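Text of coords-v8.txt, listed as compact mmCIF, C-alpha atoms:
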# COMPACT_ATOMS: atom_id res chain seq x y z
CA MET A 25 0.00 0.00 0.00
CA PRO A 26 1.51 3.40 -0.95
CA LEU A 27 2.65 5.79 1.73
CA ARG A 28 0.28 8.71 2.33
CA VAL A 29 2.06 11.94 3.20
CA GLU A 30 1.17 15.47 4.25
CA PRO A 31 2.76 18.68 2.91
CA ASP A 32 4.91 20.78 5.19
CA PRO A 33 3.53 24.00 6.70
CA THR A 34 4.13 26.97 4.43
CA PHE A 35 6.03 30.16 5.17
CA ARG A 36 2.63 31.84 5.50
CA HIS A 37 1.67 29.44 8.30
CA VAL A 38 5.00 29.82 10.08
CA LEU A 39 4.88 33.62 9.95
CA ALA A 40 1.34 33.59 11.35
CA ALA A 41 2.31 31.29 14.21
CA THR A 42 5.46 33.07 15.40
CA ASP A 43 5.78 35.95 17.85
CA ARG A 44 9.19 37.11 16.61
CA SER A 45 10.93 38.12 13.41
CA LEU A 46 12.56 35.37 11.35
CA ALA A 47 16.21 35.49 10.27
CA GLY A 48 17.39 33.81 7.10
CA MET A 49 20.11 33.68 4.47
CA TRP A 50 20.55 33.39 0.73
CA VAL A 51 21.60 30.06 -0.77
CA CYS A 52 23.20 30.98 -4.09
CA SER A 53 25.96 28.47 -4.77
CA GLY A 54 23.77 25.95 -6.59
CA SER A 55 25.23 23.21 -4.40
CA PRO A 56 22.95 20.74 -2.54
CA LEU A 57 25.81 20.16 -0.10
CA VAL A 58 26.05 23.85 0.76
CA ALA A 59 22.27 24.12 0.96
CA GLU A 60 22.15 21.25 3.44
CA LEU A 61 25.00 22.76 5.44
CA CYS A 62 23.07 26.04 5.69
CA ALA A 63 19.82 24.23 6.54
CA GLY A 64 21.38 22.89 9.72
CA ALA A 65 22.81 26.22 10.88
CA GLY A 66 19.86 27.11 13.12
CA LEU A 67 18.42 29.90 10.98
CA ASP A 68 14.67 30.21 10.47
CA TRP A 69 14.61 30.27 6.68
CA LEU A 70 16.64 29.95 3.50
CA LEU A 71 16.17 31.56 0.10
CA ILE A 72 17.32 29.42 -2.82
CA ASP A 73 17.90 31.93 -5.59
CA ALA A 74 17.53 31.33 -9.32
CA GLU A 75 17.44 34.97 -10.42
CA HIS A 76 21.09 35.87 -9.87
CA SER A 77 22.54 32.42 -9.17
CA PRO A 78 23.49 29.35 -11.26
CA ASN A 79 20.31 27.44 -10.49
CA GLY A 80 18.05 25.59 -12.90
CA LEU A 81 15.19 23.18 -12.28
CA GLU A 82 17.48 20.23 -11.59
CA SER A 83 19.68 22.03 -9.06
CA VAL A 84 16.65 23.54 -7.28
CA LEU A 85 15.17 20.04 -6.99
CA ALA A 86 18.42 18.63 -5.62
CA GLN A 87 18.59 21.40 -3.00
CA LEU A 88 14.97 20.88 -1.95
CA GLN A 89 15.74 17.22 -1.42
CA ALA A 90 18.95 18.03 0.47
CA VAL A 91 17.30 20.37 2.97
CA HIS A 92 14.06 18.44 3.44
CA GLY A 93 13.71 17.23 7.00
CA TYR A 94 15.67 20.11 8.53
CA PRO A 95 13.72 22.51 10.78
CA VAL A 96 13.98 25.45 8.39
CA GLN A 97 11.58 27.14 5.99
CA VAL A 98 12.72 27.25 2.36
CA LEU A 99 11.71 29.91 -0.16
CA VAL A 100 12.71 29.75 -3.82
CA ARG A 101 13.05 32.76 -6.09
CA PRO A 102 12.51 32.06 -9.80
CA PRO A 103 14.29 34.31 -12.30
CA VAL A 104 11.08 35.98 -13.48
CA ASN A 105 7.36 36.26 -12.78
CA ASP A 106 6.41 33.73 -15.46
CA THR A 107 3.41 31.37 -15.45
CA VAL A 108 5.27 28.47 -17.07
CA LEU A 109 8.28 28.72 -14.77
CA ILE A 110 6.10 29.02 -11.69
CA LYS A 111 4.21 25.89 -12.75
CA GLN A 112 7.48 23.99 -13.06
CA TYR A 113 8.75 25.22 -9.69
CA LEU A 114 5.50 24.22 -8.00
CA ASP A 115 5.54 20.78 -9.59
CA LEU A 116 9.10 20.31 -8.29
CA GLY A 117 7.69 20.70 -4.80
CA VAL A 118 8.48 24.35 -4.12
CA GLN A 119 5.94 25.44 -1.53
CA ASN A 120 7.15 28.99 -0.88
CA LEU A 121 7.76 31.32 -3.79
CA LEU A 122 9.44 34.72 -3.77
CA ILE A 123 8.49 36.38 -7.04
CA PRO A 124 10.93 39.09 -8.18
CA MET A 125 10.25 42.47 -9.74
CA VAL A 126 6.53 42.77 -9.01
CA ASN A 127 5.71 46.37 -9.85
CA SER A 128 1.90 46.51 -9.81
CA ALA A 129 -1.23 44.86 -8.47
CA ALA A 130 -1.80 43.31 -11.91
CA GLU A 131 1.61 41.65 -11.81
CA ALA A 132 0.91 40.41 -8.27
CA GLU A 133 -2.42 39.00 -9.42
CA ALA A 134 -0.68 37.18 -12.27
CA ALA A 135 1.81 35.64 -9.84
CA VAL A 136 -0.97 34.39 -7.59
CA ALA A 137 -2.99 33.06 -10.54
CA ALA A 138 0.04 31.03 -11.65
CA THR A 139 -0.07 29.16 -8.31
CA ARG A 140 -3.79 28.31 -8.41
CA TYR A 141 -5.60 25.64 -10.38
CA PRO A 142 -8.66 26.67 -12.42
CA PRO A 143 -11.13 28.18 -11.84
CA HIS A 144 -9.13 30.31 -9.40
CA GLY A 145 -6.00 30.52 -11.54
CA VAL A 146 -4.11 29.16 -14.50
CA ARG A 147 -1.76 26.53 -13.07
CA GLY A 148 -1.49 23.52 -15.34
CA VAL A 149 -2.63 20.19 -13.88
CA GLY A 150 0.00 17.48 -13.66
CA SER A 151 -0.11 16.29 -10.08
CA ALA A 152 0.23 12.61 -10.95
CA LEU A 153 3.63 13.41 -12.47
CA ALA A 154 4.79 15.88 -9.83
CA ARG A 155 6.80 15.79 -6.65
CA ALA A 156 4.50 18.57 -5.35
CA ALA A 157 1.74 16.00 -4.83
CA ARG A 158 4.26 13.25 -4.07
CA TRP A 159 2.90 11.65 -7.22
CA ASN A 160 -0.66 11.74 -5.86
CA ARG A 161 0.33 10.40 -2.45
CA ILE A 162 -0.87 13.62 -0.77
CA PRO A 163 -4.60 13.03 -0.29
CA ASP A 164 -6.88 15.45 -2.19
CA TYR A 165 -3.90 17.44 -3.41
CA LEU A 166 -5.74 19.18 -6.25
CA ALA A 167 -8.42 20.51 -3.90
CA ARG A 168 -5.86 21.52 -1.27
CA ALA A 169 -3.02 22.78 -3.45
CA ALA A 170 -3.52 26.48 -2.68
CA GLU A 171 -3.16 25.71 1.03
CA THR A 172 0.27 24.16 0.39
CA VAL A 173 1.75 27.24 -1.30
CA SER A 174 2.76 30.68 -0.09
CA VAL A 175 3.39 33.67 -2.37
CA THR A 176 5.72 36.49 -1.41
CA VAL A 177 6.25 39.25 -3.96
CA GLN A 178 9.31 41.41 -4.18
CA ILE A 179 9.07 45.20 -4.02
CA GLU A 180 12.21 46.57 -5.63
CA SER A 181 11.38 49.59 -7.77
CA GLU A 182 9.93 53.06 -7.36
CA ALA A 183 6.84 51.89 -9.24
CA ALA A 184 6.34 49.04 -6.80
CA VAL A 185 6.74 51.36 -3.81
CA ALA A 186 4.13 53.68 -5.29
CA ALA A 187 1.77 50.72 -5.74
CA VAL A 188 2.60 48.89 -2.52
CA GLU A 189 -0.84 49.34 -0.92
CA GLU A 190 -2.56 47.94 -4.03
CA ILE A 191 -0.10 45.04 -4.18
CA LEU A 192 -0.68 44.24 -0.52
CA ALA A 193 -4.43 44.21 -1.13
CA VAL A 194 -4.19 41.42 -3.72
CA ASP A 195 -5.83 38.25 -2.44
CA GLY A 196 -3.25 35.49 -2.33
CA VAL A 197 -0.25 37.73 -1.75
CA ASP A 198 0.89 36.42 1.61
CA ALA A 199 3.82 38.79 2.17
CA ILE A 200 6.05 41.34 0.51
CA PHE A 201 9.83 41.42 0.46
CA LEU A 202 11.88 44.59 -0.02
CA GLY A 203 14.97 44.55 -2.23
CA PRO A 204 16.96 47.70 -1.39
CA SER A 205 19.67 47.14 -4.04
CA ASP A 206 17.36 47.18 -7.06
CA LEU A 207 15.21 49.80 -5.38
CA ALA A 208 18.25 52.05 -5.05
CA ALA A 209 19.09 51.50 -8.72
CA SER A 210 15.55 52.43 -9.78
CA MET A 211 15.88 55.63 -7.77
CA GLY A 212 19.09 56.62 -9.55
CA LEU A 213 21.17 55.59 -6.53
CA LEU A 214 22.93 52.51 -7.89
CA GLY A 215 24.97 50.78 -5.19
CA GLN A 216 23.61 53.06 -2.45
CA GLN A 217 21.11 50.83 -0.67
CA GLU A 218 21.95 52.61 2.61
CA HIS A 219 20.97 56.01 1.19
CA PRO A 220 18.39 57.77 3.39
CA LYS A 221 15.90 57.96 0.49
CA VAL A 222 16.15 54.20 -0.08
CA ARG A 223 15.78 53.42 3.60
CA ALA A 224 12.80 55.77 3.83
CA ALA A 225 11.12 53.95 0.91
CA VAL A 226 11.73 50.59 2.59
CA GLU A 227 10.29 51.83 5.87
CA LEU A 228 7.27 53.27 4.06
CA CYS A 229 6.55 49.80 2.64
CA LEU A 230 7.09 48.14 6.01
CA GLY A 231 4.53 50.54 7.47
CA ALA A 232 2.08 49.83 4.65
CA ALA A 233 2.40 46.09 5.29
CA THR A 234 1.77 46.56 9.00
CA ALA A 235 -1.33 48.61 8.21
CA ALA A 236 -2.55 45.92 5.80
CA GLY A 237 -1.97 43.16 8.34
CA LYS A 238 0.51 41.31 6.13
CA PRO A 239 4.14 40.39 6.85
CA ALA A 240 6.99 42.20 5.16
CA GLY A 241 10.62 41.18 4.86
CA VAL A 242 13.79 42.87 3.70
CA ASN A 243 17.33 42.11 2.60
CA ALA A 244 19.86 43.67 4.98
CA PHE A 245 23.40 42.37 5.37
CA ASN A 246 24.45 45.35 7.47
CA LYS A 247 23.71 44.50 11.11
CA ASP A 248 22.67 47.99 12.13
CA THR A 249 20.42 48.33 9.10
CA ALA A 250 18.84 44.94 9.76
CA ARG A 251 18.07 45.90 13.35
CA SER A 252 16.65 49.22 12.20
CA TYR A 253 14.30 47.50 9.74
CA LEU A 254 13.27 44.99 12.38
CA ALA A 255 12.40 47.88 14.68
CA ALA A 256 10.40 49.40 11.80
CA GLY A 257 8.25 46.30 11.52
CA ALA A 258 10.06 43.76 9.34
CA SER A 259 8.74 40.26 10.03
CA PHE A 260 11.59 38.45 8.30
CA VAL A 261 15.08 39.39 7.11
CA LEU A 262 17.88 37.99 5.01
CA VAL A 263 21.13 38.74 6.81
CA GLY A 264 23.75 36.89 4.77
CA ALA A 265 24.52 34.67 1.81
CA ASP A 266 26.48 31.46 1.42
CA VAL A 267 28.67 32.83 -1.36
CA ALA A 268 29.32 36.13 0.45
CA ILE A 269 30.29 34.30 3.65
CA LEU A 270 32.70 32.11 1.69
CA ALA A 271 34.13 35.09 -0.20
CA ARG A 272 34.70 37.19 2.90
CA GLY A 273 35.95 34.24 4.96
CA SER A 274 38.48 33.17 2.32
CA GLU A 275 39.64 36.79 1.96
CA ALA A 276 40.16 36.95 5.72
CA LEU A 277 42.34 33.83 5.55
CA ALA A 278 44.40 35.36 2.77
CA ALA A 279 44.78 38.61 4.71
CA GLU A 280 45.92 36.64 7.76
CA TYR A 281 48.58 34.55 6.05
CA ILE A 282 49.64 36.27 2.81
CA PRO A 283 52.00 39.27 3.08
CA PRO A 284 50.33 42.42 1.68
CA ALA A 285 53.05 42.88 -0.94
CA ALA A 286 52.27 39.44 -2.37
CA ALA A 287 48.50 39.83 -2.41
CA VAL A 288 46.70 40.24 -5.72
CA GLU A 289 44.01 42.92 -5.79
CA PRO A 290 40.73 41.30 -6.96
CA ALA A 291 38.87 42.83 -9.87
CA GLY A 292 35.30 44.11 -9.68
CA GLU A 293 33.31 44.79 -6.55
CA THR A 294 35.04 45.22 -3.22
CA PRO A 295 33.95 43.47 0.01
CA ALA A 296 32.33 46.73 1.09
CA SER A 297 29.89 46.38 -1.80
CA TYR A 298 28.00 43.56 -0.07
Can you dump the structure from the file as structure tokens?
Amino acid sequence: MPLRVEPDPTFRHVLAATDRSLAGMWVCSGSPLVAELCAGAGLDWLLIDAEHSPNGLESVLAQLQAVHGYPVQVLVRPPVNDTVLIKQYLDLGVQNLLIPMVNSAAEAEAAVAATRYPPHGVRGVGSALARAARWNRIPDYLARAAETVSVTVQIESEAAVAAVEEILAVDGVDAIFLGPSDLAASMGLLGQQEHPKVRAAVELCLGAATAAGKPAGVNAFNKDTARSYLAAGASFVLVGADVAILARGSEALAAEYIPPAAAVEPAGETPASY
């Protein structure tokens, strides 16, 4: 007799049940081993990124399998708000989506529709073939599918900030997430995510989310900035990344043991850029 299984609680459920803010980190290496290592670190959540990282469907699947069973929530960010890609991510078993570059209520509605079966959305039906339903071993999966998915949309442009109240009002948007780097770029402040105007825009969105009764998160590697956003109402934060930790840690080793005269200056962004 086949094993009957139940889906894990979603990020929406975990946020609703907690009385504190949740701390997480980016997982960008594309490595299941690194993802599993991070899953056991004691953080609340991980973000597997496919927008700016070398991740495709196969590597996302391998990382989901590697981290399953660890007491950590896992969000996955596809490269674009696309119905076909979202369908594939959901069928892989992604339960928590972070949709990038959502600039309007219409785009938020499209993201939600991509996660719902008809008549409430446009998700293609393939549960018998999909890990999402454990190949139809989750009882009544088709009827319950919307309960097994959370949708967080990313606010990272001036247009999105201007529309944040409308985006928050979209049924099925469970949370918003602020991306200060792209927001700064859209404001003509490329590389200046700590600029007062950028921080003010982030805090405006955090306040709008609080007023709407929905959680809001933010990316903040700077400790003081992270604490400031938490004080302003952020429910969840990303405070580091696997690749950044490895880069900075390896640079620290080199600085410790290689004489300055022998060191080679790296090209591109400096450590202070992160």
Contacts of range 198-203 of chain A at 6 Å (all atoms listed in the file; same-chain gap of 5+ positions) as a tab-separated table (two decimals) with C-alpha atoms, in the frame of the given file:
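around21.tsv, written as the output of this step:
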chain	number	residue	atom	x	y	z
A	175	VAL	CA	3.39	33.67	-2.37
A	176	THR	CA	5.72	36.49	-1.41
A	177	VAL	CA	6.25	39.25	-3.96
A	178	GLN	CA	9.31	41.41	-4.18
A	179	ILE	CA	9.07	45.20	-4.02
A	180	GLU	CA	12.21	46.57	-5.63
A	238	LYS	CA	0.51	41.31	6.13
A	239	PRO	CA	4.14	40.39	6.85
A	240	ALA	CA	6.99	42.20	5.16
A	241	GLY	CA	10.62	41.18	4.86
A	242	VAL	CA	13.79	42.87	3.70
A	243	ASN	CA	17.33	42.11	2.60
Residue nearest Ser77 in chain A among A:Pro102, A:Leu277, A:Ser45, A:Asp115 (counting all atoms listed in the file): A:Pro102
- request: Rank A:Pro124, A:Pro142, A:Gly93, A:Pro163 by their smallest atom-to-atom distance to Ala184 in chain A, using all atoms listed in the file, and report the top residue only.
  value: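 Smallest distance to Ala184 in chain A is found for A:Pro124.
Nearest residue to Ser259 in chain A among A:Asn79, A:Thr34, A:Ser205, A:Thr42 is A:Thr42, counting all atoms listed in the file.
The interatomic distance for the pair CA of Pro31 in chain A and CA of Ala129 in chain A works out to 28.8 Å.
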field: Given all atoms listed in the file as the counted atoms, nearest of A:Asn105, A:Gln216, A:Ser53, A:Thr139 to Pro204 in chain A
entry: A:Gln216
- prompt: For Leu122 in chain A, which of A:Asp32, A:Glu275, A:Glu227, A:Asp73 is the closest residue, counting only C-alpha atoms?
  reply: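 Of all the options, A:Asp73 lies closest to Leu122 in chain A.
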message: Could you tell me how far CA of Asp206 in chain A sits from CA of Asp106 in chain A, in Å to one decimal place?
response: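 These atoms are spaced 19.3 Å apart.
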- request: Would you mind telling me which residue in A:Val173, A:Ala167, A:Val104, A:Val96 lies nearest to Gly117 in chain A when using only C-alpha atoms?
  value: A:Val173
query: What separation in Å, quoted to one decimal, exists between CA of Val226 in chain A and CA of Gly48 in chain A?
result: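 Atom-to-atom, CA of Val226 in chain A and CA of Gly48 in chain A are spaced 18.3 Å apart.
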12 Å contact set for Val108 in chain A, only C-alpha atoms, chain neighbours under 4 positions out, as a PyMOL selection string: chain A and resi 102-104+112-115+134-135+137-139+146-149
